[in-house]
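Below is the file work-v1.cif, which contains mmCIF, C-alpha atoms.
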```
data_target
loop_
_atom_site.group_PDB
_atom_site.id
_atom_site.type_symbol
_atom_site.label_atom_id
_atom_site.label_comp_id
_atom_site.auth_asym_id
_atom_site.auth_seq_id
_atom_site.Cartn_x
_atom_site.Cartn_y
_atom_site.Cartn_z
ATOM 1 C CA MET U 1 78.285 -3.421 46.893
ATOM 2 C CA GLU U 2 77.809 -5.575 43.838
ATOM 3 C CA VAL U 3 76.970 -9.281 44.017
ATOM 4 C CA LYS U 4 78.684 -9.838 40.653
ATOM 5 C CA TYR U 5 82.044 -9.013 42.233
ATOM 6 C CA MET U 6 81.509 -11.540 44.994
ATOM 7 C CA GLU U 7 80.611 -14.082 42.329
ATOM 8 C CA SER U 8 83.999 -13.364 40.746
ATOM 9 C CA ALA U 9 85.658 -13.893 44.126
ATOM 10 C CA LEU U 10 83.793 -17.205 44.437
ATOM 11 C CA TRP U 11 85.142 -18.210 41.026
ATOM 12 C CA GLU U 12 88.642 -17.517 42.358
ATOM 13 C CA ALA U 13 87.855 -19.699 45.375
ATOM 14 C CA GLN U 14 86.783 -22.512 43.065
ATOM 15 C CA LYS U 15 90.064 -22.175 41.156
ATOM 16 C CA ALA U 16 91.910 -22.593 44.456
ATOM 17 C CA SER U 17 89.877 -25.680 45.311
ATOM 18 C CA LEU U 18 90.675 -27.251 41.947
ATOM 19 C CA ILE U 19 94.380 -27.182 42.828
ATOM 20 C CA ASP U 20 93.813 -28.397 46.404
ATOM 21 C CA GLU U 21 94.252 -24.988 48.002
ATOM 22 C CA VAL U 22 91.878 -23.740 50.704
ATOM 23 C CA PRO U 23 89.064 -22.215 48.613
ATOM 24 C CA ILE U 24 89.272 -18.524 49.366
ATOM 25 C CA GLY U 25 89.080 -16.023 46.542
ATOM 26 C CA ALA U 26 89.346 -12.263 46.278
ATOM 27 C CA VAL U 27 88.936 -9.505 43.720
ATOM 28 C CA ILE U 28 89.773 -5.819 43.913
ATOM 29 C CA VAL U 29 87.510 -3.312 42.200
ATOM 30 C CA LYS U 30 88.247 0.269 41.188
ATOM 31 C CA ASP U 31 85.833 2.446 39.222
ATOM 32 C CA ASN U 32 83.439 -0.504 38.743
ATOM 33 C CA LYS U 33 86.158 -2.628 37.140
ATOM 34 C CA ILE U 34 87.985 -5.643 38.519
ATOM 35 C CA ILE U 35 91.671 -4.703 38.504
ATOM 36 C CA ALA U 36 93.070 -7.665 40.443
ATOM 37 C CA ARG U 37 92.227 -11.222 41.378
ATOM 38 C CA GLY U 38 93.651 -13.686 43.825
ATOM 39 C CA HIS U 39 93.119 -17.068 45.378
ATOM 40 C CA ASN U 40 95.046 -19.006 47.972
ATOM 41 C CA LEU U 41 98.359 -20.331 46.692
ATOM 42 C CA ARG U 42 100.411 -20.994 49.802
ATOM 43 C CA GLU U 43 100.464 -24.795 49.445
ATOM 44 C CA HIS U 44 101.867 -24.473 45.920
ATOM 45 C CA SER U 45 104.271 -21.638 46.630
ATOM 46 C CA ASN U 46 105.230 -22.732 50.155
ATOM 47 C CA ASP U 47 104.834 -19.076 51.043
ATOM 48 C CA ALA U 48 102.764 -18.235 54.127
ATOM 49 C CA LEU U 49 101.920 -14.837 52.618
ATOM 50 C CA ASP U 50 100.081 -16.232 49.591
ATOM 51 C CA HIS U 51 96.551 -15.694 50.904
ATOM 52 C CA ALA U 52 93.912 -14.659 48.373
ATOM 53 C CA GLU U 53 93.701 -11.080 49.678
ATOM 54 C CA VAL U 54 97.467 -10.528 49.659
ATOM 55 C CA VAL U 55 97.804 -11.989 46.159
ATOM 56 C CA ALA U 56 95.062 -9.632 44.930
ATOM 57 C CA ILE U 57 96.542 -6.624 46.761
ATOM 58 C CA ASP U 58 99.941 -7.307 45.221
ATOM 59 C CA GLU U 59 98.405 -7.513 41.745
ATOM 60 C CA ALA U 60 96.392 -4.309 42.276
ATOM 61 C CA CYS U 61 99.468 -2.408 43.457
ATOM 62 C CA ARG U 62 101.353 -3.489 40.343
ATOM 63 C CA TYR U 63 98.370 -2.601 38.133
ATOM 64 C CA LEU U 64 98.070 0.891 39.617
ATOM 65 C CA ASN U 65 101.823 1.299 40.099
ATOM 66 C CA SER U 66 101.132 2.404 43.667
ATOM 67 C CA TRP U 67 100.896 0.852 47.120
ATOM 68 C CA ARG U 68 97.915 3.099 47.856
ATOM 69 C CA LEU U 69 94.626 1.458 46.907
ATOM 70 C CA GLU U 70 92.539 4.298 48.340
ATOM 71 C CA ASP U 71 89.628 4.158 45.936
ATOM 72 C CA CYS U 72 89.482 0.377 45.753
ATOM 73 C CA ASP U 73 87.101 -2.185 47.183
ATOM 74 C CA LEU U 74 88.032 -5.742 48.121
ATOM 75 C CA TYR U 75 85.579 -8.618 47.765
ATOM 76 C CA VAL U 76 86.664 -11.811 49.521
ATOM 77 C CA THR U 77 84.760 -15.016 50.103
ATOM 78 C CA ILE U 78 85.806 -15.539 53.747
ATOM 79 C CA GLU U 79 86.407 -13.071 56.581
ATOM 80 C CA PRO U 80 90.014 -11.825 56.450
ATOM 81 C CA CYS U 81 92.640 -13.078 58.886
ATOM 82 C CA LEU U 82 94.916 -10.795 60.901
ATOM 83 C CA MET U 83 97.695 -10.761 58.293
ATOM 84 C CA CYS U 84 95.301 -9.946 55.474
ATOM 85 C CA ALA U 85 93.520 -7.291 57.531
ATOM 86 C CA GLY U 86 96.884 -5.638 58.145
ATOM 87 C CA ALA U 87 97.599 -5.641 54.410
ATOM 88 C CA ILE U 88 94.128 -4.221 53.732
ATOM 89 C CA ILE U 89 94.632 -1.387 56.225
ATOM 90 C CA ASN U 90 98.173 -0.640 55.077
ATOM 91 C CA SER U 91 97.195 -0.547 51.402
ATOM 92 C CA ARG U 92 94.399 1.923 52.226
ATOM 93 C CA ILE U 93 91.581 -0.128 50.704
ATOM 94 C CA LYS U 94 88.322 1.755 51.178
ATOM 95 C CA ASN U 95 85.744 -1.040 51.527
ATOM 96 C CA VAL U 96 85.866 -4.761 52.285
ATOM 97 C CA TYR U 97 82.954 -7.008 51.429
ATOM 98 C CA TYR U 98 83.132 -10.619 52.535
ATOM 99 C CA GLY U 99 80.950 -13.673 52.425
ATOM 100 C CA ALA U 100 81.174 -16.065 55.364
ATOM 101 C CA PRO U 101 82.744 -15.543 58.790
ATOM 102 C CA ASP U 102 85.881 -17.391 59.851
ATOM 103 C CA TYR U 103 85.366 -18.197 63.515
ATOM 104 C CA LYS U 104 88.914 -19.544 63.927
ATOM 105 C CA ALA U 105 90.933 -16.776 62.251
ATOM 106 C CA GLY U 106 88.667 -13.915 61.121
ATOM 107 C CA VAL U 107 89.344 -10.478 62.536
ATOM 108 C CA ALA U 108 86.588 -8.341 61.013
ATOM 109 C CA GLU U 109 84.056 -9.708 63.498
ATOM 110 C CA SER U 110 84.868 -13.197 64.751
ATOM 111 C CA LEU U 111 87.985 -12.799 66.895
ATOM 112 C CA TYR U 112 88.430 -9.029 66.688
ATOM 113 C CA HIS U 113 86.752 -6.025 65.119
ATOM 114 C CA ILE U 114 89.954 -4.730 63.588
ATOM 115 C CA PHE U 115 88.347 -2.552 60.928
ATOM 116 C CA ASP U 116 86.420 -0.692 63.658
ATOM 117 C CA ASP U 117 89.544 0.124 65.671
ATOM 118 C CA GLU U 118 89.843 3.920 65.757
ATOM 119 C CA ARG U 119 93.525 3.742 66.730
ATOM 120 C CA PHE U 120 94.579 2.947 63.170
ATOM 121 C CA ASN U 121 95.430 5.817 60.852
ATOM 122 C CA HIS U 122 93.262 4.334 58.077
ATOM 123 C CA HIS U 123 89.729 3.064 58.524
ATOM 124 C CA VAL U 124 88.098 0.437 56.350
ATOM 125 C CA ASN U 125 84.367 0.114 55.857
ATOM 126 C CA CYS U 126 83.354 -3.530 56.109
ATOM 127 C CA GLU U 127 80.206 -5.383 55.084
ATOM 128 C CA LYS U 128 79.637 -9.069 55.723
ATOM 129 C CA GLY U 129 77.347 -11.804 54.517
ATOM 130 C CA ILE U 130 77.414 -11.338 50.745
ATOM 131 C CA LEU U 131 76.697 -14.779 49.234
ATOM 132 C CA ALA U 132 77.690 -16.200 52.611
ATOM 133 C CA GLU U 133 75.971 -19.559 52.101
ATOM 134 C CA ARG U 134 77.865 -20.203 48.864
ATOM 135 C CA ALA U 135 81.189 -19.173 50.401
ATOM 136 C CA SER U 136 80.596 -21.339 53.456
ATOM 137 C CA LEU U 137 79.513 -24.320 51.336
ATOM 138 C CA GLU U 138 82.679 -24.036 49.254
ATOM 139 C CA MET U 139 84.796 -24.294 52.422
ATOM 140 C CA LYS U 140 82.741 -27.117 53.963
ATOM 141 C CA THR U 141 82.850 -29.143 50.743
ATOM 142 C CA PHE U 142 86.600 -28.683 50.420
ATOM 143 C CA PHE U 143 87.378 -29.777 53.971
ATOM 144 C CA LYS U 144 84.936 -32.689 53.831
ATOM 145 C CA ARG U 145 86.657 -33.896 50.662
ATOM 146 C CA ALA U 146 90.107 -33.389 52.258
ATOM 147 C CA ARG U 147 89.133 -35.437 55.330
ATOM 148 C CA LYS U 148 87.756 -38.198 53.121
ATOM 149 C CA ARG U 149 90.933 -38.225 50.999
ATOM 150 C CA LYS U 150 93.078 -38.378 54.152
ATOM 151 C CA LYS U 151 91.046 -41.307 55.477
ATOM 152 C CA ILE U 152 91.408 -43.193 52.180
ATOM 153 C CA LEU U 153 95.163 -42.544 52.055
ATOM 154 C CA LYS U 154 95.537 -43.778 55.628
ATOM 155 C CA LYS U 155 93.630 -46.945 54.761
ATOM 156 C CA ILE U 156 95.838 -47.540 51.710
ATOM 157 C CA HIS U 157 98.948 -46.920 53.766
ATOM 158 C CA ASN U 158 97.794 -49.401 56.415
ATOM 159 C CA GLU U 159 97.090 -52.016 53.736
ATOM 160 C CA LEU U 160 100.559 -51.564 52.232
ATOM 161 C CA ASP U 161 102.165 -51.994 55.642
ATOM 162 C CA LYS U 162 100.597 -55.441 56.073
#
```
Can you dump the structure from the file as structure tokens?
Amino acid sequence: MEVKYMESALWEAQKASLIDEVPIGAVIVKDNKIIARGHNLREHSNDALDHAEVVAIDEACRYLNSWRLEDCDLYVTIEPCLMCAGAIINSRIKNVYYGAPDYKAGVAESLYHIFDDERFNHHVNCEKGILAERASLEMKTFFKRARKRKKILKKIHNELDK
């Protein structure tokens, strides 16, 4: 595990935040080189599949010209959701490193322990807590700002209705 890769994932999360997307970022590493990057884009694309991990997996598959990412590691700022975990397992990613837990949707530890499930034909090693405070702060700051913006817009709307 390399902290520098999680820092790159955090940079992707910041890029998402700058365009008002939920700030989750991911990078995929093969042979000590970042081969793919992704951040949430679903608000812009109106595509439910455009989570950071899936965007990065898609880019890595195109880069390697293969759906098998067997010797690749994924670094993601927030614990993967069920959809992303499925994509991680199906693309054969070897290791997942994530920052902060997602108690509402995470399936590596919060709601399930999907990567530990022996029934799957591919098993993913998973390590949590890398730069967790920074990843968590990015999310908290984003949602605090979003709530404040919503409150201001509601106030403006109420004033215009008078």
Residues within 8 Å of region 50-54 of chain U, all atoms listed in the file, excluding chain neighbours under 3 positions, as a list in words
Ile24, Gly25, Ala26, Val27, Arg37, Gly38, His39, Asn40, Leu41, Arg42, Ser45, Asp47, Ile57, Asp58, Leu74, Val76, Pro80, Cys84, Ala87 and Ile88 of chain U
What separates CA of Cys126 (chain U) and CA of Asn90 (chain U) is a distance of 15.1 Å
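The smallest atom-to-atom distance between Ala9 (chain U) and any of U:Leu131, U:Ala146, U:Leu69, U:Leu137, using all atoms listed in the file, is found for U:Leu131.
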What are the centre and edge lengths in Å, to one decimal, of the axis-aligned box around all listed atoms of region 145-153 of chain U with 4 Å added on each side, as lines of an AutoDock Vina configuration file?
```
center_x = 90.9
center_y = -38.3
center_z = 53.1
size_x = 16.5
size_y = 17.8
size_z = 12.8
```
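For the pair CA of Ala100 (chain U) and CA of Lys128 (chain U), the separation is 7.2 Å.
Take CA of Ser8 (chain U) and CA of Gly106 (chain U): the distance between them is 20.9 Å.
Here the question is which of U:Glu159, U:Ala16, U:Ala85, U:Phe143 gets nearest to Asp116 (chain U) using all atoms listed in the file, and that residue is U:Ala85.
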Do you know which residues are at most 12 Å from Tyr63 (chain U) counting all atoms listed in the file, after dropping those on the same chain fewer than 6 positions away, and could you put them as JSON, numbers by chain?
{"U": [28, 29, 30, 34, 35, 36, 37, 56, 57, 69]}
Nearest to Ser66 (chain U): which of U:Ser91, U:Ser136, U:Ser110, U:Asn46 is it, counting all atoms listed in the file?
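The shortest atom-to-atom distance to Ser66 (chain U) comes from U:Ser91.
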From the options U:Lys94, U:Lys104, U:Lys150, U:Lys144, which residue's atoms come nearest to Cys81 (chain U), counting all atoms listed in the file?
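Answer, going by the shortest atom-to-atom distance: U:Lys104.
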Closest of U:Met83, U:Ala105, U:Leu160, U:Ile152 to Leu49 (chain U) - atom-to-atom distances counting all atoms listed in the file:
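With all atoms listed in the file as the atom set, the closest residue is U:Met83.
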Contacts of Ala135 (chain U) within 9 Å, only C-alpha atoms, excl. fewer than 4 positions in-chain, as a short mmCIF file (atom, residue, chain, number, x, y, z; two decimals) with C-alpha atoms, in the frame of the given file:
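Resulting contents of selection13.cif:
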```
data_model
loop_
_atom_site.label_atom_id
_atom_site.label_comp_id
_atom_site.auth_asym_id
_atom_site.auth_seq_id
_atom_site.Cartn_x
_atom_site.Cartn_y
_atom_site.Cartn_z
CA LEU U 10 83.79 -17.20 44.44
CA ALA U 13 87.86 -19.70 45.38
CA PRO U 23 89.06 -22.22 48.61
CA ILE U 24 89.27 -18.52 49.37
CA THR U 77 84.76 -15.02 50.10
CA ILE U 78 85.81 -15.54 53.75
CA GLY U 99 80.95 -13.67 52.42
CA ALA U 100 81.17 -16.07 55.36
CA ILE U 130 77.41 -11.34 50.74
CA LEU U 131 76.70 -14.78 49.23
CA MET U 139 84.80 -24.29 52.42
CA LYS U 140 82.74 -27.12 53.96
#
```
Nearest to Asp73 (chain U) by atom-to-atom distance, counting all atoms listed in the file, from U:Phe115, U:Phe142, U:Gln14, U:Glu2:
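The shortest atom-to-atom distance to Asp73 (chain U) comes from U:Glu2.
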Completed region 52-78 of chain U (N, CA, C and O atoms) as an mmCIF file, in the coordinates of the input:
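Below is the file part-v6.cif, written as the result:
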```cif
data_model
loop_
_atom_site.group_PDB
_atom_site.id
_atom_site.type_symbol
_atom_site.label_atom_id
_atom_site.label_comp_id
_atom_site.auth_asym_id
_atom_site.auth_seq_id
_atom_site.Cartn_x
_atom_site.Cartn_y
_atom_site.Cartn_z
ATOM 1 N N ALA U 52 94.642 -15.253 49.492
ATOM 2 C CA ALA U 52 93.912 -14.659 48.373
ATOM 3 C C ALA U 52 93.966 -13.127 48.394
ATOM 4 O O ALA U 52 94.208 -12.489 47.367
ATOM 5 N N GLU U 53 93.731 -12.539 49.574
ATOM 6 C CA GLU U 53 93.701 -11.080 49.678
ATOM 7 C C GLU U 53 95.059 -10.465 49.363
ATOM 8 O O GLU U 53 95.148 -9.452 48.654
ATOM 9 N N VAL U 54 96.124 -11.068 49.878
ATOM 10 C CA VAL U 54 97.467 -10.528 49.659
ATOM 11 C C VAL U 54 97.869 -10.677 48.195
ATOM 12 O O VAL U 54 98.464 -9.756 47.619
ATOM 13 N N VAL U 55 97.526 -11.795 47.583
ATOM 14 C CA VAL U 55 97.804 -11.989 46.159
ATOM 15 C C VAL U 55 97.095 -10.908 45.341
ATOM 16 O O VAL U 55 97.683 -10.285 44.444
ATOM 17 N N ALA U 56 95.825 -10.655 45.657
ATOM 18 C CA ALA U 56 95.062 -9.632 44.930
ATOM 19 C C ALA U 56 95.613 -8.231 45.196
ATOM 20 O O ALA U 56 95.715 -7.410 44.276
ATOM 21 N N ILE U 57 95.977 -7.942 46.434
ATOM 22 C CA ILE U 57 96.542 -6.624 46.761
ATOM 23 C C ILE U 57 97.840 -6.401 45.994
ATOM 24 O O ILE U 57 98.063 -5.332 45.420
ATOM 25 N N ASP U 58 98.684 -7.412 45.965
ATOM 26 C CA ASP U 58 99.941 -7.307 45.221
ATOM 27 C C ASP U 58 99.680 -7.016 43.746
ATOM 28 O O ASP U 58 100.316 -6.143 43.147
ATOM 29 N N GLU U 59 98.735 -7.723 43.159
ATOM 30 C CA GLU U 59 98.405 -7.513 41.745
ATOM 31 C C GLU U 59 97.832 -6.110 41.520
ATOM 32 O O GLU U 59 98.181 -5.438 40.539
ATOM 33 N N ALA U 60 96.981 -5.651 42.421
ATOM 34 C CA ALA U 60 96.392 -4.309 42.276
ATOM 35 C C ALA U 60 97.455 -3.221 42.392
ATOM 36 O O ALA U 60 97.421 -2.234 41.651
ATOM 37 N N CYS U 61 98.383 -3.388 43.305
ATOM 38 C CA CYS U 61 99.468 -2.408 43.457
ATOM 39 C C CYS U 61 100.311 -2.334 42.186
ATOM 40 O O CYS U 61 100.684 -1.240 41.740
ATOM 41 N N ARG U 62 100.597 -3.480 41.597
ATOM 42 C CA ARG U 62 101.353 -3.489 40.343
ATOM 43 C C ARG U 62 100.541 -2.864 39.216
ATOM 44 O O ARG U 62 101.065 -2.105 38.402
ATOM 45 N N TYR U 63 99.242 -3.155 39.172
ATOM 46 C CA TYR U 63 98.370 -2.601 38.133
ATOM 47 C C TYR U 63 98.314 -1.077 38.209
ATOM 48 O O TYR U 63 98.396 -0.391 37.195
ATOM 49 N N LEU U 64 98.188 -0.560 39.424
ATOM 50 C CA LEU U 64 98.070 0.891 39.617
ATOM 51 C C LEU U 64 99.429 1.583 39.778
ATOM 52 O O LEU U 64 99.489 2.807 39.850
ATOM 53 N N ASN U 65 100.482 0.770 39.863
ATOM 54 C CA ASN U 65 101.823 1.299 40.099
ATOM 55 C C ASN U 65 101.860 2.174 41.348
ATOM 56 O O ASN U 65 102.434 3.247 41.368
ATOM 57 N N SER U 66 101.207 1.682 42.402
ATOM 58 C CA SER U 66 101.132 2.404 43.667
ATOM 59 C C SER U 66 100.777 1.433 44.782
ATOM 60 O O SER U 66 100.010 0.491 44.565
ATOM 61 N N TRP U 67 101.293 1.675 45.972
ATOM 62 C CA TRP U 67 100.896 0.852 47.120
ATOM 63 C C TRP U 67 99.588 1.343 47.722
ATOM 64 O O TRP U 67 98.976 0.666 48.520
ATOM 65 N N ARG U 68 99.161 2.524 47.333
ATOM 66 C CA ARG U 68 97.915 3.099 47.856
ATOM 67 C C ARG U 68 96.722 2.669 46.993
ATOM 68 O O ARG U 68 96.635 3.031 45.831
ATOM 69 N N LEU U 69 95.832 1.929 47.607
ATOM 70 C CA LEU U 69 94.626 1.458 46.907
ATOM 71 C C LEU U 69 93.399 2.177 47.469
ATOM 72 O O LEU U 69 92.366 1.575 47.736
ATOM 73 N N GLU U 70 93.523 3.481 47.614
ATOM 74 C CA GLU U 70 92.539 4.298 48.340
ATOM 75 C C GLU U 70 91.124 4.253 47.782
ATOM 76 O O GLU U 70 90.167 4.324 48.541
ATOM 77 N N ASP U 71 90.968 4.162 46.518
ATOM 78 C CA ASP U 71 89.628 4.158 45.936
ATOM 79 C C ASP U 71 89.219 2.763 45.469
ATOM 80 O O ASP U 71 88.440 2.620 44.537
ATOM 81 N N CYS U 72 89.740 1.763 46.139
ATOM 82 C CA CYS U 72 89.482 0.377 45.753
ATOM 83 C C CYS U 72 88.649 -0.343 46.802
ATOM 84 O O CYS U 72 88.705 -0.024 47.988
ATOM 85 N N ASP U 73 87.903 -1.315 46.329
ATOM 86 C CA ASP U 73 87.101 -2.185 47.183
ATOM 87 C C ASP U 73 87.603 -3.614 47.026
ATOM 88 O O ASP U 73 87.956 -4.039 45.926
ATOM 89 N N LEU U 74 87.619 -4.344 48.132
ATOM 90 C CA LEU U 74 88.032 -5.742 48.121
ATOM 91 C C LEU U 74 86.819 -6.614 48.401
ATOM 92 O O LEU U 74 86.084 -6.374 49.375
ATOM 93 N N TYR U 75 86.609 -7.607 47.565
ATOM 94 C CA TYR U 75 85.579 -8.618 47.765
ATOM 95 C C TYR U 75 86.302 -9.934 48.030
ATOM 96 O O TYR U 75 87.141 -10.354 47.235
ATOM 97 N N VAL U 76 86.001 -10.563 49.160
ATOM 98 C CA VAL U 76 86.664 -11.811 49.521
ATOM 99 C C VAL U 76 85.624 -12.767 50.077
ATOM 100 O O VAL U 76 84.687 -12.366 50.775
ATOM 101 N N THR U 77 85.794 -14.033 49.774
ATOM 102 C CA THR U 77 84.760 -15.016 50.103
ATOM 103 C C THR U 77 84.650 -15.305 51.599
ATOM 104 O O THR U 77 83.571 -15.613 52.085
ATOM 105 N N ILE U 78 85.772 -15.207 52.322
ATOM 106 C CA ILE U 78 85.806 -15.539 53.747
ATOM 107 C C ILE U 78 86.393 -14.355 54.509
ATOM 108 O O ILE U 78 87.272 -13.649 54.020
#
```
